[in-house]
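A.B. asks: A single structure is presented below for examination.
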Amino acid sequence: MSSSLSLVAVALVCLTTLVVGGLGLRLSRRTSDFYVAGRTVSPRLNASAIGGEYLSAASFLGVAGLVYDRGVDMLWLPIGYTLGFLVLLVMVAAPMRRSGAYTLPDFAQVRLGSRAIRRVTAVLTVAIGWLYLIPQFQGASLTLTLVSGAPPWVGGFVVMLVITLAVGAGGMRSITFVQAVQFWVKLTALAVPAFVLLFLWLRAGQPQPVVPTEWHIPLTSLGPDDHPAYRTASTVLALCLGTMGLPHVLVRYYTNPDGVGARRTTVTVLALLGMFYLLPPVYAVIGRVAYPELPEGTRSDSIVLRLPTAVVDGLGGELLTAMLAGGAFAAFLSTASGLAMSVTGVLDQELLRPRLARFTGGDGSAIRGFRYAAVLAAVMPYVISRASEPLGLATTVGLAFAVAAATFAPLIILGVWWRRLSTTGAMAGLVVGGVAAVGSIGITMAVGGLSGWPAALLANPAMWAAPLALLTAVTVSLATPSRIPASTRRTMVRLHTPERVALARSRIRD
Amino acid sequence: MPVSSDLDEQTELGDVYLDRLMREQLRLSLSVLALTVLALATLPVLLTLVPATRTVSVLGVGLPWVVLGAGVYPVAWVLARWYTRQAERIEGDFTEVVEHS
């Protein structure tokens, strides 16, 4: 499959990202602009930006690939991706905005006032961000290789270069515009070919895919000792809880004008995601009609990109493929730049700025430090993505969610709703949840041949690791009442009192 | 003196009001989550208990595909909107009370 049209589409998307990023450069002057766009983003723009940032390679290519592969059961994934925002809405959206923190480590510091917890959350933020960046680079490589025959290192490299330039140039403000545009680019790029494919399929008399009956029935076993109900429930829980802990999602909430705006933004996000996720199953089902089996050694993640030329002849097929390739790149670029932005922010604040400030000081060096951090944030995961075996786009993303669900979700939920959370308890919860989630995933990847319940529990740790972390945090907090931060009451007033109530002392100024 | 200054100064009285606000909000949030879990569990339970539902089709598409592929999203959106209205109402009432009492 060779197509200069697809290359043009990919180049256009990359250029647009850079140009819009460049516009942001002229608007960004103060350091706070780099982080939160001066906090003047309207709910609708912000919702598009969140959607644009959130819909990654896993959603654009991975979901259709998994549904193609395993059938209706995999529709639980987009449901989890979407419901994550419902959980975020009801548990943390408004209080998180009112906390006035820029990043998760900031929130940890505001709420618990502990440098140690700040450092642990910083490390976790970078780890989750990098884990999530890896499949974006792999997806880009897969796409570019498929449409142009380029060597596998090129696609990921292009994405890495573009996001480093875009993030380093404009910071958050440019990224907000870029992300908002990217959502609509992605939706159009996935919708138009889907409608063409659907039309042709209807005209052909709705041929049914030849599939095993399990393909149509939820919660069926993949093998003799598979535990589909547990596996699915744990995955959905990981996605639901993990969303609130993803660094690139949370940072968006700081750009809302107030708590009420944060909630309204989230409602719009749910609508946008719901629209988008109607599309991947279309590719999966029609994909099964066109390709009852994929050629040996082909990843099912590629089904979306293969389908148009299989169904539509000549220029039409190439145009649709070009559209999808462009949309896929929009997905990689937007998610990757959002993640790189958050990781950059944390690296800059925790690692580089304290060191650079010692030499020079002043705003000039602050922005230079930010740019060094941007390079570091993108290059590291690219190197890892080249060194590691691809696991499947949606699977790797799922791991990032599981880690976030077992570490940040308990911390944030307890931090927002429970006054008796102590610093020792919070730290214990983070450590237990982190070790449990990372350990299980590490064992699953390193040790093959596990079967039955141990395999199911280790491959999908969220269902037990998240409650375990929560319980640990609660138990240890109850045992260490002397370590409850003295500022707890003031922080709670700040997190929960509506903005309309005038508070002179408790409110933060921003 | 309105209660808002009690909140601000973190007096015992302010704390009582804050506590009530948090409880109300948390109760609302947890009921939304409970509804969500209940709704999500309905389909698998239905498919298990009434095997006939596995092959039922709506407009030529299998029931599981319709529910999981499309049906969930509008429901989630309606629930989110309802939650947001309720949460804003709780905050409105709270503002009313602490600024005018």
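Residues are referred to by chain and number: the chain letter is A, B, ... according to the order shown in the structure tokens, the number counts from 1 in that chain, and ligands are numbered separately from 1 in the order shown.
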Need to verify the contact set: Val285 of chain A, 9 Å, only C-alpha atoms, exclusion of same-chain residues closer than 2 positions in sequence. Can you return it as a list in words?

C.D. replies: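 Result of the neighbour search: Ala64, Val67, Tyr68, Gly71, Gln208, Pro209, Pro280, Pro281, Val282, Tyr283, Gly287, Arg288, Val289 and Ala290 of chain A.
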
A.B. asks: Would you kindly report the residues of chain A within 9 Å of chain B, using only C-alpha atoms, as JSON, numbers by chain?

C.D. replies: {"A": [72, 73, 75, 76, 78, 79, 82, 83, 86, 87, 89, 90, 91, 216, 217, 218, 219, 229, 260, 263, 264, 266, 267, 268, 270, 271, 273, 274, 275, 277, 278, 279, 281, 417, 489, 490, 492, 493, 494, 496, 497, 498, 500, 501, 502, 503, 504, 505, 506, 507]}

A.B. asks: Work out how far apart atom CA of Ser477 of chain A and atom CA of Leu421 of chain A are and give it in Å to one decimal.

C.D. replies: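 Those two atoms sit 5.4 Å apart.
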
A.B. asks: Taking the DSSP assignment computed from this structure's backbone, write out as a ChimeraX atom specification all residues of segment 53-238 of chain A that belong to helix (DSSP H, G or I).

C.D. replies: /A:53-54,57-70,72-91,93-99,104-112,115-148,152-203,213-216,228-238

A.B. asks: Export, as a short mmCIF file (atom, residue, chain, number, x, y, z; two decimals), in the first residue's frame, the selected residues with C-alpha atoms.

C.D. replies:
data_model
loop_
_atom_site.label_atom_id
_atom_site.label_comp_id
_atom_site.auth_asym_id
_atom_site.auth_seq_id
_atom_site.Cartn_x
_atom_site.Cartn_y
_atom_site.Cartn_z
CA GLU A 53 -5.97 15.23 24.05
CA TYR A 54 -7.64 12.12 25.40
CA ALA A 57 -3.73 5.93 19.29
CA ALA A 58 -5.56 3.47 21.54
CA SER A 59 -8.93 5.01 20.71
CA PHE A 60 -8.33 5.86 17.08
CA LEU A 61 -6.76 2.54 16.03
CA GLY A 62 -6.60 0.25 19.07
CA VAL A 63 -10.29 -0.07 19.96
CA ALA A 64 -11.32 -1.03 16.43
CA GLY A 65 -8.41 -3.48 16.33
CA LEU A 66 -9.41 -5.19 19.56
CA VAL A 67 -13.10 -5.36 18.63
CA TYR A 68 -12.08 -6.78 15.26
CA ASP A 69 -9.98 -9.34 17.06
CA ARG A 70 -12.22 -10.38 19.94
CA VAL A 72 -18.35 -7.21 21.21
CA ASP A 73 -16.65 -7.76 24.57
CA MET A 74 -14.00 -5.21 23.73
CA LEU A 75 -16.62 -2.46 23.58
CA TRP A 76 -16.18 -2.27 27.35
CA LEU A 77 -12.93 -0.42 26.70
CA PRO A 78 -14.38 2.75 25.14
CA ILE A 79 -17.12 2.58 27.79
CA GLY A 80 -14.42 2.63 30.45
CA TYR A 81 -12.55 5.45 28.73
CA THR A 82 -15.77 7.49 28.74
CA LEU A 83 -17.06 6.63 32.20
CA GLY A 84 -13.68 7.66 33.57
CA PHE A 85 -14.88 11.20 33.03
CA LEU A 86 -18.15 10.52 34.83
CA VAL A 87 -16.21 9.30 37.86
CA LEU A 88 -13.86 12.26 37.56
CA LEU A 89 -16.86 14.59 37.35
CA VAL A 90 -18.59 13.38 40.48
CA MET A 91 -15.52 12.78 42.61
CA ALA A 93 -13.69 17.92 39.01
CA ALA A 94 -14.77 21.00 40.95
CA PRO A 95 -12.61 20.53 44.08
CA MET A 96 -9.58 19.83 41.92
CA ARG A 97 -10.07 23.12 40.10
CA ARG A 98 -10.56 24.96 43.38
CA SER A 99 -7.36 23.52 44.80
CA LEU A 104 -0.69 16.45 40.60
CA PRO A 105 2.43 16.97 42.70
CA ASP A 106 1.12 20.50 43.33
CA PHE A 107 -2.18 19.06 44.53
CA ALA A 108 -0.36 16.65 46.83
CA GLN A 109 1.61 19.53 48.28
CA VAL A 110 -1.41 21.82 48.70
CA ARG A 111 -3.42 19.12 50.42
CA LEU A 112 -0.75 17.37 52.48
CA ARG A 115 7.81 17.34 50.17
CA ALA A 116 8.25 13.56 50.22
CA ILE A 117 4.75 12.90 48.86
CA ARG A 118 5.29 15.61 46.29
CA ARG A 119 8.39 13.80 45.08
CA VAL A 120 6.70 10.39 44.92
CA THR A 121 3.76 11.81 42.95
CA ALA A 122 6.21 13.53 40.60
CA VAL A 123 7.98 10.25 39.88
CA LEU A 124 4.63 8.50 39.33
CA THR A 125 3.41 11.28 37.02
CA VAL A 126 6.49 10.94 34.85
CA ALA A 127 6.23 7.12 34.86
CA ILE A 128 2.54 7.11 33.86
CA GLY A 129 3.17 9.80 31.25
CA TRP A 130 6.00 7.86 29.67
CA LEU A 131 4.07 4.57 29.77
CA TYR A 132 1.26 6.32 27.90
CA LEU A 133 3.62 7.98 25.42
CA ILE A 134 5.21 4.71 24.29
CA PRO A 135 2.14 3.39 22.40
CA GLN A 136 1.67 6.79 20.74
CA PHE A 137 5.11 6.51 19.18
CA GLN A 138 4.53 2.87 18.26
CA GLY A 139 1.18 3.75 16.67
CA ALA A 140 2.83 6.48 14.64
CA SER A 141 5.50 4.08 13.42
CA LEU A 142 2.89 1.47 12.52
CA THR A 143 0.82 4.01 10.59
CA LEU A 144 3.68 5.51 8.63
CA THR A 145 5.14 2.12 7.77
CA LEU A 146 1.75 0.90 6.58
CA VAL A 147 0.93 3.85 4.34
CA SER A 148 4.39 4.60 2.95
CA PRO A 152 9.58 1.62 11.62
CA TRP A 153 11.65 4.23 13.48
CA VAL A 154 10.48 7.14 11.32
CA GLY A 155 6.84 7.57 12.41
CA GLY A 156 7.60 7.76 16.11
CA PHE A 157 10.54 10.05 15.45
CA VAL A 158 8.36 12.52 13.53
CA VAL A 159 5.84 12.63 16.39
CA MET A 160 8.62 13.10 18.93
CA LEU A 161 10.12 15.99 16.95
CA VAL A 162 6.81 17.78 16.40
CA ILE A 163 5.65 17.58 20.02
CA THR A 164 9.02 18.70 21.36
CA LEU A 165 8.90 21.77 19.13
CA ALA A 166 5.22 22.51 19.84
CA VAL A 167 5.49 22.11 23.61
CA GLY A 168 8.82 23.90 23.84
CA ALA A 169 7.55 26.81 21.74
CA GLY A 170 4.19 27.66 23.18
CA GLY A 171 3.43 25.64 26.26
CA MET A 172 -0.09 25.11 27.41
CA ARG A 173 -1.84 27.96 25.66
CA SER A 174 -0.85 26.86 22.21
CA ILE A 175 -1.59 23.30 23.20
CA THR A 176 -5.15 24.20 24.22
CA PHE A 177 -5.89 25.52 20.73
CA VAL A 178 -4.05 22.65 19.08
CA GLN A 179 -5.96 20.10 21.12
CA ALA A 180 -9.35 21.65 20.48
CA VAL A 181 -8.70 21.64 16.73
CA GLN A 182 -7.35 18.09 16.88
CA PHE A 183 -10.57 16.73 18.37
CA TRP A 184 -12.61 17.85 15.39
CA VAL A 185 -9.90 16.73 12.97
CA LYS A 186 -9.97 13.28 14.52
CA LEU A 187 -13.74 13.01 14.63
CA THR A 188 -14.06 14.04 10.96
CA ALA A 189 -11.20 11.82 9.85
CA LEU A 190 -12.78 8.78 11.49
CA ALA A 191 -16.41 9.65 10.68
CA VAL A 192 -16.23 10.38 6.95
CA PRO A 193 -14.59 7.06 5.96
CA ALA A 194 -16.91 5.26 8.40
CA PHE A 195 -19.98 6.68 6.68
CA VAL A 196 -18.62 5.80 3.24
CA LEU A 197 -17.88 2.25 4.41
CA LEU A 198 -21.31 1.94 6.02
CA PHE A 199 -23.01 3.18 2.85
CA LEU A 200 -21.14 0.68 0.68
CA TRP A 201 -21.88 -2.07 3.16
CA LEU A 202 -25.61 -1.29 3.14
CA ARG A 203 -25.59 -1.14 -0.67
CA THR A 213 -20.58 -17.02 17.97
CA GLU A 214 -18.47 -15.76 20.92
CA TRP A 215 -17.67 -12.71 18.82
CA HIS A 216 -21.25 -11.51 19.36
CA PRO A 228 -13.80 -12.97 31.53
CA ALA A 229 -16.07 -11.37 34.12
CA TYR A 230 -13.16 -10.50 36.43
CA ARG A 231 -10.92 -9.41 33.57
CA THR A 232 -13.57 -7.10 32.16
CA ALA A 233 -14.67 -5.66 35.49
CA SER A 234 -11.08 -4.98 36.52
CA THR A 235 -10.27 -3.33 33.20
CA VAL A 236 -13.34 -1.11 33.36
CA LEU A 237 -12.52 -0.16 36.96
CA ALA A 238 -8.94 0.69 35.97
#

A.B. asks: Per DSSP on the backbone, what are the strand (DSSP E) residues of segment 2-82 of chain B, as a list of chain:residue names?

C.D. replies: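 Residues meeting the strand (DSSP E) criterion: B:Ser57, B:Val58, B:Val61, B:Gly62.
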
A.B. asks: Residues of the last selection are to be written out with C-alpha atoms, as a PDB file, in the first residue's frame.

C.D. replies:
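The file below, again33.pdb, is the result:
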ATOM      1  CA  SER B  57     -31.615  -8.039  17.626  1.00  0.00           C
ATOM      2  CA  VAL B  58     -32.664  -4.417  17.401  1.00  0.00           C
ATOM      3  CA  VAL B  61     -28.051  -5.371  15.146  1.00  0.00           C
ATOM      4  CA  GLY B  62     -27.492  -7.681  18.131  1.00  0.00           C
TER       5      GLY B  62
END

A.B. asks: Provide the atom CA of His248 of chain A to atom CA of Gln349 of chain A distance in Å, to one decimal place.

C.D. replies: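 These two atoms are separated by 15.8 Å.
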
A.B. asks: For the atom pair atom CA of Arg27 of chain B and atom CA of Asp93 of chain B, what is the interatomic distance in Å to one decimal place?

C.D. replies: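 About the pair atom CA of Arg27 of chain B and atom CA of Asp93 of chain B: they are 15.8 Å apart.
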
A.B. asks: Would you kindly return, as a PyMOL selection string, each protein, DNA or RNA residue with an atom no farther than 12 Å from any atom of segment 456-461 of chain A, considering only C-alpha atoms and excluding same-chain residues fewer than 3 positions away?

C.D. replies: chain A and resi 221-223+225-239+395-396+398-407+433-453+464-469

A.B. asks: What does the file look like for those residues with C-alpha atoms, as a tab-separated table (two decimals), in the first residue's frame?

C.D. replies:
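Full text of out.tsv as output:
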chain	number	residue	atom	x	y	z
A	221	SER	CA	-13.86	-16.91	27.74
A	222	LEU	CA	-10.79	-16.55	25.59
A	223	GLY	CA	-9.42	-19.87	26.79
A	225	ASP	CA	-9.02	-20.87	32.34
A	226	ASP	CA	-9.78	-17.35	31.42
A	227	HIS	CA	-11.93	-15.31	33.83
A	228	PRO	CA	-13.80	-12.97	31.53
A	229	ALA	CA	-16.07	-11.37	34.12
A	230	TYR	CA	-13.16	-10.50	36.43
A	231	ARG	CA	-10.92	-9.41	33.57
A	232	THR	CA	-13.57	-7.10	32.16
A	233	ALA	CA	-14.67	-5.66	35.49
A	234	SER	CA	-11.08	-4.98	36.52
A	235	THR	CA	-10.27	-3.33	33.20
A	236	VAL	CA	-13.34	-1.11	33.36
A	237	LEU	CA	-12.52	-0.16	36.96
A	238	ALA	CA	-8.94	0.69	35.97
A	239	LEU	CA	-10.18	2.96	33.20
A	395	THR	CA	-3.03	-2.87	26.09
A	396	THR	CA	-0.08	-0.61	26.91
A	398	GLY	CA	-4.41	0.06	29.82
A	399	LEU	CA	-1.29	-0.46	31.94
A	400	ALA	CA	-0.89	3.28	32.40
A	401	PHE	CA	-4.52	3.47	33.53
A	402	ALA	CA	-4.03	0.60	35.98
A	403	VAL	CA	-1.06	2.30	37.64
A	404	ALA	CA	-2.94	5.60	37.84
A	405	ALA	CA	-6.00	3.84	39.30
A	406	ALA	CA	-4.00	2.13	42.05
A	407	THR	CA	-1.96	5.17	43.08
A	433	GLY	CA	-0.80	0.80	45.31
A	434	GLY	CA	2.26	1.57	43.21
A	435	VAL	CA	4.16	-1.57	44.17
A	436	ALA	CA	1.05	-3.74	43.69
A	437	ALA	CA	0.18	-2.37	40.24
A	438	VAL	CA	3.69	-2.00	38.84
A	439	GLY	CA	4.76	-5.33	40.36
A	440	SER	CA	1.82	-7.28	38.91
A	441	ILE	CA	2.29	-5.81	35.47
A	442	GLY	CA	6.03	-6.44	35.64
A	443	ILE	CA	5.50	-10.07	36.65
A	444	THR	CA	2.93	-10.54	33.87
A	445	MET	CA	5.31	-9.19	31.26
A	446	ALA	CA	8.45	-10.86	32.54
A	447	VAL	CA	7.11	-14.31	33.50
A	448	GLY	CA	5.16	-16.16	30.86
A	449	GLY	CA	3.10	-19.30	31.39
A	450	LEU	CA	0.97	-18.23	34.34
A	451	SER	CA	-2.57	-19.51	34.19
A	452	GLY	CA	-5.86	-19.43	36.01
A	453	TRP	CA	-6.58	-16.97	38.79
A	464	TRP	CA	-7.70	-5.48	44.04
A	465	ALA	CA	-4.80	-3.01	43.98
A	466	ALA	CA	-6.95	0.15	44.05
A	467	PRO	CA	-9.08	-0.95	47.04
A	468	LEU	CA	-5.93	-2.22	48.76
A	469	ALA	CA	-4.24	1.16	48.35
